[in-house]
Structure formats: structure tokens, C-alpha cells
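This is input24.cif (mmCIF, C-alpha atoms).
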```cif
data_entry
#
loop_
_atom_site.label_atom_id
_atom_site.label_comp_id
_atom_site.auth_asym_id
_atom_site.auth_seq_id
_atom_site.Cartn_x
_atom_site.Cartn_y
_atom_site.Cartn_z
CA MET I 285 98.94 189.50 116.88
CA ILE I 286 102.61 189.25 117.74
CA ALA I 287 104.78 192.30 117.31
CA GLY I 288 107.40 192.12 114.58
CA LEU I 289 110.88 193.57 114.82
CA TYR I 290 109.90 196.59 112.67
CA ARG I 291 110.66 200.03 114.15
CA ALA I 292 108.35 202.73 112.87
CA GLY I 293 109.95 205.76 111.28
CA ASP I 294 109.82 208.13 108.35
CA SER I 295 113.33 207.93 106.92
CA PRO I 296 114.11 207.37 103.22
CA LEU I 297 114.96 203.78 104.20
CA HIS I 298 111.53 203.29 105.76
CA ARG I 299 109.88 204.65 102.63
CA MET I 300 111.94 202.58 100.18
CA GLY I 301 110.09 199.62 98.65
CA ALA I 302 110.54 196.26 100.41
CA GLY I 303 111.50 194.47 97.18
CA ARG I 304 114.20 197.05 96.42
CA LYS I 305 115.63 196.75 99.92
CA LEU I 306 115.83 192.98 99.58
CA LEU I 307 117.59 193.27 96.21
CA ALA I 308 120.02 195.81 97.67
CA LEU I 309 120.71 193.46 100.57
CA LEU I 310 121.34 190.58 98.19
CA ALA I 311 123.79 192.74 96.21
CA ALA I 312 125.50 193.90 99.41
CA GLY I 313 125.84 190.30 100.60
CA THR I 314 127.45 189.20 97.35
CA LEU I 315 129.77 192.21 97.39
CA VAL I 316 130.82 191.71 101.01
CA PHE I 317 131.78 188.09 100.42
CA ALA I 318 133.78 189.05 97.32
CA ILE I 319 135.87 191.57 99.27
CA PRO I 320 139.37 190.13 99.76
CA SER I 321 140.89 192.52 102.33
CA PRO I 322 139.90 194.22 105.62
CA TRP I 323 139.95 197.90 104.57
CA PRO I 324 137.18 197.78 101.93
CA ALA I 325 135.18 195.57 104.31
CA ALA I 326 135.59 198.20 107.04
CA ALA I 327 134.38 200.83 104.56
CA VAL I 328 131.24 198.78 103.85
CA LEU I 329 130.66 198.40 107.59
CA ALA I 330 131.03 202.17 108.04
CA LEU I 331 128.50 202.72 105.25
CA VAL I 332 126.01 200.36 106.90
CA LEU I 333 126.49 202.15 110.25
CA ALA I 334 125.87 205.47 108.49
CA LEU I 335 122.61 204.03 107.12
CA TYR I 336 121.52 203.22 110.70
CA GLY I 337 121.98 206.94 111.35
CA VAL I 338 119.93 207.79 108.27
CA ALA I 339 117.14 205.52 109.55
CA GLY I 340 117.26 207.30 112.90
CA PHE I 341 118.59 204.32 114.87
CA GLY I 342 121.17 204.70 117.63
CA PRO I 343 124.12 202.55 118.73
CA ARG I 344 121.98 200.49 121.11
CA LEU I 345 120.01 199.02 118.22
CA VAL I 346 123.28 198.30 116.40
CA LEU I 347 124.61 196.39 119.40
CA ARG I 348 121.36 194.48 119.76
CA GLN I 349 121.79 193.10 116.22
CA LEU I 350 125.29 191.87 116.97
CA ARG I 351 124.85 190.52 120.50
CA PRO I 352 123.33 187.13 119.54
CA VAL I 353 126.27 186.32 117.24
CA ALA I 354 129.01 187.79 119.44
CA VAL I 355 130.16 184.43 120.82
CA VAL I 356 130.20 182.70 117.44
CA LEU I 357 132.10 185.62 115.89
CA ALA I 358 134.64 185.56 118.74
CA VAL I 359 135.18 181.82 118.15
CA LEU I 360 135.56 182.36 114.39
CA PHE I 361 137.99 185.23 115.01
CA THR I 362 140.14 183.07 117.30
CA ALA I 363 140.06 180.15 114.86
CA GLN I 364 141.13 182.39 111.98
CA LEU I 365 143.87 183.97 114.07
CA TRP I 366 145.21 180.55 114.83
CA LEU I 367 144.75 178.96 111.38
CA ALA I 368 145.31 181.92 109.07
CA THR I 369 146.50 185.52 109.45
CA PRO I 370 145.30 188.39 111.69
CA GLY I 371 144.14 190.11 108.49
CA GLU I 372 141.89 187.16 107.63
CA ALA I 373 140.51 187.08 111.17
CA VAL I 374 139.60 190.77 111.05
CA LEU I 375 138.11 190.38 107.56
CA VAL I 376 135.78 187.56 108.64
CA VAL I 377 134.44 189.53 111.60
CA LEU I 378 134.01 192.73 109.55
CA ARG I 379 132.18 190.84 106.82
CA PHE I 380 129.72 189.26 109.19
CA ALA I 381 129.20 192.46 111.16
CA ALA I 382 128.46 194.40 107.95
CA LEU I 383 126.14 191.76 106.54
CA ILE I 384 124.26 191.08 109.78
CA LEU I 385 123.78 194.80 110.38
CA ALA I 386 122.60 195.36 106.79
CA ALA I 387 120.13 192.49 107.04
CA GLY I 388 118.94 193.73 110.43
CA LEU I 389 118.45 197.20 108.97
CA VAL I 390 116.09 195.83 106.31
CA THR I 391 114.09 194.04 109.03
CA LEU I 392 113.97 197.14 111.25
CA THR I 393 112.76 199.45 108.48
CA THR I 394 110.30 197.15 106.71
CA ARG I 395 106.86 196.09 107.94
CA THR I 396 106.23 192.35 108.18
CA ALA I 397 103.16 192.73 105.97
CA ASP I 398 105.27 194.37 103.23
CA LEU I 399 107.78 191.52 103.28
CA VAL I 400 104.96 188.96 103.15
CA ALA I 401 103.64 190.82 100.09
CA VAL I 402 107.08 190.49 98.46
CA ILE I 403 107.01 186.72 99.07
CA GLU I 404 103.55 186.47 97.53
CA ARG I 405 104.61 188.51 94.52
CA GLY I 406 107.75 186.43 94.17
CA LEU I 407 105.75 183.21 94.24
CA SER I 408 103.10 184.29 91.73
CA PRO I 409 105.10 183.13 88.65
CA LEU I 410 105.07 179.65 90.23
CA SER I 411 101.27 179.56 90.06
CA ARG I 412 101.66 178.39 86.47
CA LEU I 413 103.47 175.33 87.86
CA GLY I 414 100.47 174.56 90.06
CA LEU I 415 101.41 176.45 93.22
CA ASP I 416 98.37 178.01 94.88
CA VAL I 417 99.59 181.37 96.20
CA ALA I 418 96.28 181.93 98.03
CA LYS I 419 97.01 178.81 100.07
CA VAL I 420 100.48 180.12 100.97
CA SER I 421 98.91 183.39 102.14
CA LEU I 422 96.35 181.42 104.14
CA ALA I 423 99.10 179.37 105.82
CA ILE I 424 101.04 182.52 106.74
CA SER I 425 98.05 184.29 108.27
CA LEU I 426 96.90 181.13 110.09
CA THR I 427 100.32 180.68 111.70
CA ILE I 428 100.46 184.28 112.91
CA ARG I 429 96.94 183.85 114.28
CA PHE I 430 97.75 180.52 116.02
CA ILE I 431 100.96 181.47 117.85
CA PRO I 432 99.21 183.14 120.81
CA THR I 433 96.57 180.36 120.83
CA ILE I 434 99.22 177.68 121.37
CA GLY I 435 100.72 179.55 124.31
CA GLN I 436 97.22 179.75 125.77
CA ILE I 437 96.56 176.00 125.26
CA ALA I 438 99.92 175.14 126.86
CA GLY I 439 98.99 177.30 129.84
CA GLU I 440 95.64 175.51 130.22
CA VAL I 441 97.24 172.05 130.00
CA ARG I 442 99.84 173.03 132.57
CA GLU I 443 97.22 174.36 134.98
CA ALA I 444 95.12 171.21 134.62
CA GLN I 445 98.15 169.06 135.42
CA VAL I 446 99.15 171.13 138.43
CA ALA I 447 95.53 170.97 139.68
CA ARG I 448 95.73 167.17 139.51
CA GLY I 449 98.93 167.25 141.55
CA ARG I 450 101.26 166.38 138.67
CA SER I 451 104.33 168.41 137.96
CA PRO I 452 104.40 169.20 134.23
CA SER I 453 107.42 167.89 132.34
CA PRO I 454 108.24 168.84 128.73
CA LEU I 455 106.77 165.53 127.52
CA THR I 456 103.55 165.58 129.53
CA LEU I 457 103.03 169.13 128.30
CA VAL I 458 103.92 168.72 124.63
CA VAL I 459 101.86 165.61 123.86
CA PRO I 460 98.46 166.86 125.14
CA VAL I 461 99.07 170.21 123.41
CA ILE I 462 99.82 168.48 120.08
CA ILE I 463 96.75 166.25 120.34
CA ARG I 464 94.56 169.29 121.01
CA LEU I 465 96.10 170.98 117.95
CA LEU I 466 95.43 167.97 115.73
CA LYS I 467 91.79 167.91 116.84
CA MET I 468 91.50 171.66 116.30
CA ALA I 469 92.85 171.30 112.76
CA ASP I 470 89.75 169.39 111.62
CA GLU I 471 87.38 172.01 113.01
CA ILE I 472 89.35 174.91 111.57
CA ALA I 473 89.61 173.27 108.14
CA GLU I 474 85.85 172.65 108.10
CA ALA I 475 85.15 176.25 109.08
CA ILE I 476 87.45 177.58 106.33
CA ASP I 477 85.95 175.30 103.68
CA ALA I 478 82.40 176.23 104.76
CA ARG I 479 83.16 179.94 104.36
CA SER I 480 84.83 179.76 100.95
CA MET S 180 96.81 169.79 99.17
CA SER S 181 93.65 170.03 101.25
CA THR S 182 92.63 172.87 103.57
CA ARG S 183 93.26 170.50 106.48
CA ASP S 184 96.87 170.01 105.32
CA ILE S 185 97.35 173.79 105.18
CA VAL S 186 95.92 174.14 108.70
CA LEU S 187 98.20 171.37 110.03
CA ILE S 188 101.26 172.97 108.42
CA ALA S 189 100.35 176.32 109.96
CA LEU S 190 99.67 174.78 113.39
CA PHE S 191 103.07 173.10 113.51
CA ALA S 192 104.81 176.28 112.37
CA ALA S 193 103.04 178.02 115.26
CA LEU S 194 104.03 175.18 117.63
CA MET S 195 107.62 175.77 116.60
CA ALA S 196 107.24 179.41 117.69
CA ALA S 197 105.71 178.30 121.01
CA LEU S 198 108.69 175.97 121.58
CA GLY S 199 110.95 178.97 121.07
CA ALA S 200 109.22 180.77 123.93
CA PHE S 201 110.16 177.95 126.35
CA PRO S 202 112.95 179.06 128.68
CA PRO S 203 116.19 177.27 127.73
CA LEU S 204 117.52 174.64 130.12
CA MET S 205 121.05 175.26 131.34
CA ILE S 206 123.13 172.18 132.06
CA PRO S 207 126.17 173.29 134.05
CA ALA S 208 128.31 170.28 133.05
CA ILE S 209 128.37 171.24 129.37
CA ALA S 210 127.67 174.99 129.74
CA VAL S 211 125.44 175.03 126.67
CA PRO S 212 121.80 176.14 126.74
CA ILE S 213 119.32 173.49 125.64
CA THR S 214 116.39 175.05 123.80
CA ALA S 215 113.14 173.22 123.14
CA GLN S 216 112.92 174.67 119.63
CA SER S 217 115.16 172.19 117.83
CA MET S 218 112.71 169.48 118.90
CA GLY S 219 110.22 171.13 116.52
CA PRO S 220 111.53 169.69 113.23
CA MET S 221 111.64 166.20 114.73
CA LEU S 222 108.05 166.54 115.96
CA ALA S 223 106.74 168.11 112.75
CA GLY S 224 108.32 165.44 110.53
CA GLY S 225 107.54 162.55 112.85
CA ILE S 226 103.90 163.52 113.37
CA LEU S 227 102.85 165.12 110.05
CA GLY S 228 105.16 163.11 107.77
CA ALA S 229 107.91 164.27 105.43
CA LYS S 230 106.02 166.64 103.12
CA ARG S 231 103.78 168.48 105.56
CA GLY S 232 106.52 168.48 108.19
CA ALA S 233 109.06 170.07 105.86
CA LEU S 234 106.52 172.63 104.60
CA SER S 235 105.68 173.65 108.17
CA MET S 236 109.39 174.30 108.82
CA LEU S 237 109.71 176.23 105.55
CA LEU S 238 106.75 178.36 106.63
CA PHE S 239 108.32 178.95 110.06
CA VAL S 240 111.66 179.95 108.52
CA ALA S 241 109.83 182.35 106.17
CA LEU S 242 108.04 183.97 109.11
CA VAL S 243 111.35 184.47 110.92
CA ALA S 244 112.77 186.01 107.73
CA VAL S 245 109.93 188.53 107.37
CA GLY S 246 110.75 189.95 110.78
CA LEU S 247 108.91 188.01 113.47
CA PRO S 248 111.03 187.37 116.60
CA LEU S 249 110.17 183.66 116.78
CA LEU S 250 113.55 182.03 117.35
CA SER S 251 114.42 181.10 120.92
CA GLY S 252 115.59 184.18 122.79
CA GLY S 253 113.32 186.38 120.68
CA ARG S 254 115.66 186.48 117.70
CA GLY S 255 114.38 186.90 114.16
CA GLY S 256 114.55 188.94 111.00
CA LEU S 257 116.96 188.73 108.10
CA ALA S 258 120.03 189.25 110.32
CA VAL S 259 119.70 185.65 111.53
CA PHE S 260 120.25 184.38 107.99
CA ALA S 261 123.32 186.55 107.49
CA GLY S 262 125.11 185.00 110.48
CA PRO S 263 127.52 182.07 110.32
CA THR S 264 125.09 179.57 111.89
CA ALA S 265 122.22 180.13 109.41
CA GLY S 266 122.68 176.56 108.11
CA PHE S 267 121.23 175.25 111.35
CA ILE S 268 118.03 177.19 110.64
CA PHE S 269 117.68 176.30 106.96
CA GLY S 270 118.58 172.76 108.00
CA TRP S 271 115.34 172.43 109.97
CA ILE S 272 113.45 172.00 106.69
CA ALA S 273 115.57 169.01 105.64
CA ALA S 274 115.59 167.68 109.22
CA ALA S 275 111.80 167.51 109.26
CA ALA S 276 111.72 165.95 105.77
CA VAL S 277 114.18 163.19 106.69
CA THR S 278 112.66 162.48 110.14
CA GLY S 279 109.26 162.32 108.43
CA ALA S 280 110.42 160.04 105.63
CA LEU S 281 112.00 157.62 108.11
CA VAL S 282 108.95 157.57 110.40
CA GLU S 283 106.78 156.88 107.34
CA ARG S 284 109.12 154.05 106.39
CA PHE S 285 108.99 152.50 109.89
CA TRP S 286 105.32 153.43 110.43
CA ARG S 287 103.72 149.99 110.88
CA GLY S 288 105.95 148.62 113.58
CA LEU S 289 107.09 152.00 114.89
CA ASN S 290 108.67 151.67 118.34
CA PHE S 291 110.89 153.82 120.50
CA VAL S 292 114.09 152.61 118.84
CA THR S 293 112.99 153.32 115.26
CA ALA S 294 111.36 156.63 116.23
CA PHE S 295 114.54 157.67 118.07
CA LEU S 296 116.59 156.64 115.04
CA ALA S 297 114.39 158.74 112.75
CA ALA S 298 114.61 161.78 115.05
CA THR S 299 118.38 161.39 115.43
CA VAL S 300 119.14 160.93 111.73
CA GLY S 301 116.84 163.78 110.67
CA GLY S 302 117.19 166.17 113.60
CA ILE S 303 120.90 165.66 114.32
CA VAL S 304 122.82 163.95 111.47
CA VAL S 305 121.10 165.84 108.63
CA LEU S 306 120.90 169.11 110.59
CA TYR S 307 124.58 169.12 111.53
CA GLY S 308 125.39 167.84 108.04
CA ILE S 309 124.06 171.17 106.74
CA GLY S 310 124.97 173.46 109.64
CA ILE S 311 128.64 172.49 109.98
CA PRO S 312 129.66 172.81 106.29
CA TRP S 313 127.75 176.13 106.24
CA ILE S 314 129.88 177.55 109.09
CA SER S 315 132.98 176.20 107.38
CA LEU S 316 132.04 177.77 104.04
CA VAL S 317 130.90 181.22 105.16
CA GLY S 318 133.29 181.50 108.09
CA GLY S 319 136.29 180.26 106.14
CA VAL S 320 137.32 177.70 108.77
CA PRO S 321 138.09 174.00 108.20
CA LEU S 322 135.24 171.51 108.62
CA ALA S 323 136.90 169.98 111.69
CA THR S 324 137.01 173.36 113.47
CA ALA S 325 133.35 174.02 112.69
CA ALA S 326 132.45 170.52 113.89
CA THR S 327 134.33 170.91 117.18
CA GLY S 328 132.49 174.14 117.89
CA SER S 329 129.11 172.50 117.25
CA ALA S 330 129.75 169.25 119.13
CA ALA S 331 128.80 170.72 122.50
CA PHE S 332 125.16 170.82 121.38
CA ILE S 333 124.94 167.13 120.54
CA PRO S 334 124.22 165.77 124.07
CA GLY S 335 121.27 168.15 124.42
CA ASP S 336 120.01 167.23 120.96
CA LEU S 337 120.13 163.52 121.83
CA ILE S 338 117.91 164.21 124.86
CA LYS S 339 115.55 166.08 122.57
CA ALA S 340 115.51 163.21 120.06
CA GLY S 341 114.51 160.87 122.91
CA LEU S 342 111.69 163.20 124.01
CA ALA S 343 110.56 163.68 120.40
CA ALA S 344 110.56 159.89 119.80
CA ALA S 345 108.39 159.33 122.88
CA ALA S 346 106.03 162.13 121.79
CA ILE S 347 105.82 160.79 118.22
CA LEU S 348 104.81 157.35 119.56
CA MET S 349 102.23 158.73 122.00
CA VAL S 350 100.65 160.91 119.32
CA LYS S 351 100.63 157.98 116.88
CA ARG S 352 98.69 155.91 119.42
CA ALA S 353 96.21 158.70 120.23
CA TYR S 354 95.80 160.48 116.91
CA PRO S 355 97.72 158.96 113.96
CA MET S 356 98.31 161.44 111.12
CA ILE S 357 100.43 159.39 108.73
CA ARG S 358 98.78 156.82 106.50
CA PRO S 359 100.85 153.66 106.14
CA ALA S 360 102.46 153.37 102.74
CA HIS S 361 100.96 150.62 100.62
CA GLY S 362 102.97 147.74 99.27
CA ARG S 363 105.52 147.88 102.03
CA PRO S 364 106.06 145.10 104.53
#
```

I'd like the structure from this file rewritten - as C-alpha cells, please.
Amino acid sequence: MIAGLYRAGDSPLHRMGAGRKLLALLAAGTLVFAIPSPWPAAAVLALVLALYGVAGFGPRLVLRQLRPVAVVLAVLFTAQLWLATPGEAVLVVLRFAALILAAGLVTLTTRTADLVAVIERGLSPLSRLGLDVAKVSLAISLTIRFIPTIGQIAGEVREAQVARGRSPSPLTLVVPVIIRLLKMADEIAEAIDARS
Amino acid sequence: MSTRDIVLIALFAALMAALGAFPPLMIPAIAVPITAQSMGPMLAGGILGAKRGALSMLLFVALVAVGLPLLSGGRGGLAVFAGPTAGFIFGWIAAAAVTGALVERFWRGLNFVTAFLAATVGGIVVLYGIGIPWISLVGGVPLATAATGSAAFIPGDLIKAGLAAAAILMVKRAYPMIRPAHGRP
């Protein structure tokens, strides 16, 4: 089982229902994009940062959320500075920082299993239209189960190639792995059908 | 949809995660990391076909959203979708659908050129066609600015389309998954 990004804790945010957190995030996102000037956006950002404190998370976790987008935000900031006004440039960065941190906070305080349950609940009205929610759940759990397996298969294929004196390239690695997966699919499907 | 279809969709979503664990290739001339992951939609569409390919990408995107760190570099969670480049992640679903539809169309006489075309149109034209307007819209910059910023990734993506096309052909020869459409020449 792969570890999710969830950080265990016992704050009010951790205890809040996953569905409510998602709705709150959706509302926050809409609000943040409707804000026309930097000061209210800075206030929203301050509020989100305060919520990290409530959840018991320090500045390092805040920075970790922002690091992957730092370059893109810097480019956007420069573009805005050049095309529009400094106020616009600051607004764009504040908006994204607030929204990315808010979204990251939901991920950090909510277990993967709880979010999967929200998806399943959200999909259940679609069962009347012929969607089989049990099959969606099956697909989700199969994928989580298969991720380590694929890494293992890739390792085996690579070792076999090195043993035969070939240096593995992306192509000579990917094709044998995919063919093994396709063959596995038949066996797994038969096993699932036999059990149900 | 049969159990086998579900298993295939799940396997390709998992393959997408495995591609994300590949260390990115750095090409000094263009100073942009090339990740194996964006080959995933081309492979899923080109090998499983449009419908199963797109569903496997939808499943992968959902797993990233629920908090699994499956994107290259160990990124994941809802924060990814709040950023300005989220269109390039949602775009994977359409990229797999279009690559798959084109491979199905060319299935009988599929060769490297048609497979490469399918991977390029789906995995680059459609993907950037969603990703660039997305940056422009949420970032409030003109389309041209967003396009210039994204252009550096195109050479790497063309290499990936070539690799994906070769893989699609090899898998078709060894283990074909798409049934040829009837009534087509």
C-alpha cells in the first residue's frame, strides 16, 4: 500500500467531514477568483495560513505545498508585471498561493479512504443512469494494489535484460512490462469473476 | 463493461503511476526536465483504445486528487488542481481519448507514421490545446504568453510520442487489444 499525503492529527480540521471540507474548498476557490484586489486576497491567504496553525502544521509544510509551483508563479508574476500592473501581478500570486495552500490543507487533513468514500457517495445518484459504483470502487482498489506490483515487474524485466548483457532503454523496458500486464489482466479478471 | 476491462483500466492507471516514479531526464540544451509520465496517456489510448484509455486516465487523476503522491516528483493531492498548470493534468483524459480514437481509426494498416501521428495529435496537440488556454484563463495572461512558456516542453514530448508510437506498434504485434472497427476500409 502506498502512503498518501495525509498527515495524522487530532485538530478540528482533521475531524471535519471530508465532504464538508471539499465544499468549503470549492466555495473558497470561487471566492478567491472573484476577489478583484490584492488586500482581500492577502486576507484570505492569512486566514488559510492560520488554518495550517489550527491543524498543527508548521511553515515547512506550507513551503512544501508551494515549492512545485514556485517557478510557474514567478513566470506568471513577471508576465503580469510586464503586461498589466504590479497590483495585478501581486493579486495573481496571492490568489494561487491561497488556493493551492487551501487545497493542500484538505489533502493533508483528510484520509485517502475518506475522500474515496466521498467520490463513491457522489457517484451513487449516477447508478440510476447505469453507472456501476461497485465497479468504480473495484477499479480504485485494484489500481492502489497494482502500483507496487508494476514497480516490481519493471525491476524484474530490467534485471533479466542486464543479465543478458543488454542495457535497458525506456522502450525495451516499457514494452515487456506492458505485455506482462496485459497477460496478467486475463488471470486477474478470471479470479475476480470466479470469486463473485 | 466486463471485469477484464475494469482490470485493464486499473492496470494502466497503475502504469501511469509507475511512469511517474521514473527519474526525469535532463537535457541541458533546453533545460527542461523530460518526465516519462506524459507518455502514459499516449500508451493508454494507443493500446487500450479511446474509451478504456480515457477511463484509465480519469481513474489516475482521481487517485491523485484523493491524496496519493503519484505525479512525477511525488506530487499529488488537491493542491495540484488548484495550480495554474492543472489543465495539463485534466488534459490527459482527452489526450488518451483522442490518441485512442485515432489508433482505432488507423488500426488495420497501423504503422509508425500513423501511430506517431495519433500520439502527437492526442498527447501534444489536444493536451496543449487544453493546458495553454487553462493557464491563460486562470493566470490572466494572454494565450501567446502561456504558449511561449509551454513551448519548451514540446521537443521532449515529440521524443515521447516517437517512443509511444514504437511501443504501441510492438504491443499490437504481440498482444493486440483493440478490435478493428467493422465496415471501415

Starting from the shown file, work through the PyMOL selection byres ((chain S) within 7 of (chain I)) and note down what comes out as a PDB file with C-alpha atoms, in the frame of the given file.
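Generated file (part.pdb):
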```pdb
ATOM      1  CA  THR S 182      92.630 172.870 103.570  1.00  0.00           C
ATOM      2  CA  ARG S 183      93.260 170.500 106.480  1.00  0.00           C
ATOM      3  CA  ILE S 185      97.350 173.790 105.180  1.00  0.00           C
ATOM      4  CA  VAL S 186      95.920 174.140 108.700  1.00  0.00           C
ATOM      5  CA  LEU S 187      98.200 171.370 110.030  1.00  0.00           C
ATOM      6  CA  ALA S 189     100.350 176.320 109.960  1.00  0.00           C
ATOM      7  CA  LEU S 190      99.670 174.780 113.390  1.00  0.00           C
ATOM      8  CA  ALA S 192     104.810 176.280 112.370  1.00  0.00           C
ATOM      9  CA  ALA S 193     103.040 178.020 115.260  1.00  0.00           C
ATOM     10  CA  LEU S 194     104.030 175.180 117.630  1.00  0.00           C
ATOM     11  CA  ALA S 196     107.240 179.410 117.690  1.00  0.00           C
ATOM     12  CA  ALA S 197     105.710 178.300 121.010  1.00  0.00           C
ATOM     13  CA  VAL S 245     109.930 188.530 107.370  1.00  0.00           C
ATOM     14  CA  GLY S 246     110.750 189.950 110.780  1.00  0.00           C
ATOM     15  CA  LEU S 247     108.910 188.010 113.470  1.00  0.00           C
ATOM     16  CA  PRO S 248     111.030 187.370 116.600  1.00  0.00           C
ATOM     17  CA  GLY S 256     114.550 188.940 111.000  1.00  0.00           C
ATOM     18  CA  LEU S 257     116.960 188.730 108.100  1.00  0.00           C
ATOM     19  CA  ALA S 258     120.030 189.250 110.320  1.00  0.00           C
ATOM     20  CA  ALA S 261     123.320 186.550 107.490  1.00  0.00           C
ATOM     21  CA  GLY S 262     125.110 185.000 110.480  1.00  0.00           C
ATOM     22  CA  GLY S 318     133.290 181.500 108.090  1.00  0.00           C
ATOM     23  CA  VAL S 320     137.320 177.700 108.770  1.00  0.00           C
ATOM     24  CA  LEU S 342     111.690 163.200 124.010  1.00  0.00           C
ATOM     25  CA  ALA S 346     106.030 162.130 121.790  1.00  0.00           C
ATOM     26  CA  VAL S 350     100.650 160.910 119.320  1.00  0.00           C
ATOM     27  CA  TYR S 354      95.800 160.480 116.910  1.00  0.00           C
TER      28      TYR S 354
END
```

Coordinates-based distance that separates CA of Met195 in chain S from CA of Gly225 in chain S (Å, one decimal): 13.7 Å

Answer key for the PyMOL selection byres ((chain S and resi 344) around 7), residues as a PyMOL selection string: chain S and resi 291+294-295+298+340-343+345-348

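Shell of Val305 in chain S at 12 Å, with all atoms listed in the file counted and residues fewer than 2 places along the chain excluded, is S:Pro220, S:Met221, S:Gly266, S:Phe267, S:Ile268, S:Phe269, S:Gly270, S:Trp271, S:Ile272, S:Ala273, S:Ala274, S:Ala275, S:Ala276, S:Val277, S:Thr278, S:Ala297, S:Ala298, S:Thr299, S:Val300, S:Gly301, S:Gly302, S:Ile303, S:Tyr307, S:Gly308, S:Ile309, S:Gly310, S:Ile311, S:Pro312.
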
Of the listed residues I:Ala354, I:Leu297, I:Leu378, I:Leu407, that which approaches Val338 in chain I most closely, counting all atoms listed in the file: I:Leu297

Gap from CA of Asp294 in chain I to CA of Ala339 in chain I - Å, one decimal: 7.9 Å

Between CA of Pro296 in chain I and CA of Ala308 in chain I, distance in Å (one decimal): 14.1 Å

Option closest in space to Trp366 in chain I, from S:Pro212, S:Thr324, S:Leu289, S:Ile338 [counting all atoms listed in the file]: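 Under the stated criterion, the closest residue is S:Thr324.
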
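Under the PyMOL selection byres ((chain I and resi 328) around 10), the matching residues in the shown file are Ala312, Leu315, Val316, Ile319, Pro322, Trp323, Pro324, Ala325, Ala326, Ala327, Leu329, Ala330, Leu331, Val332, Leu333, Ala334, Leu378, Arg379, Ala381, Ala382, Leu383 and Ala386 of chain I.
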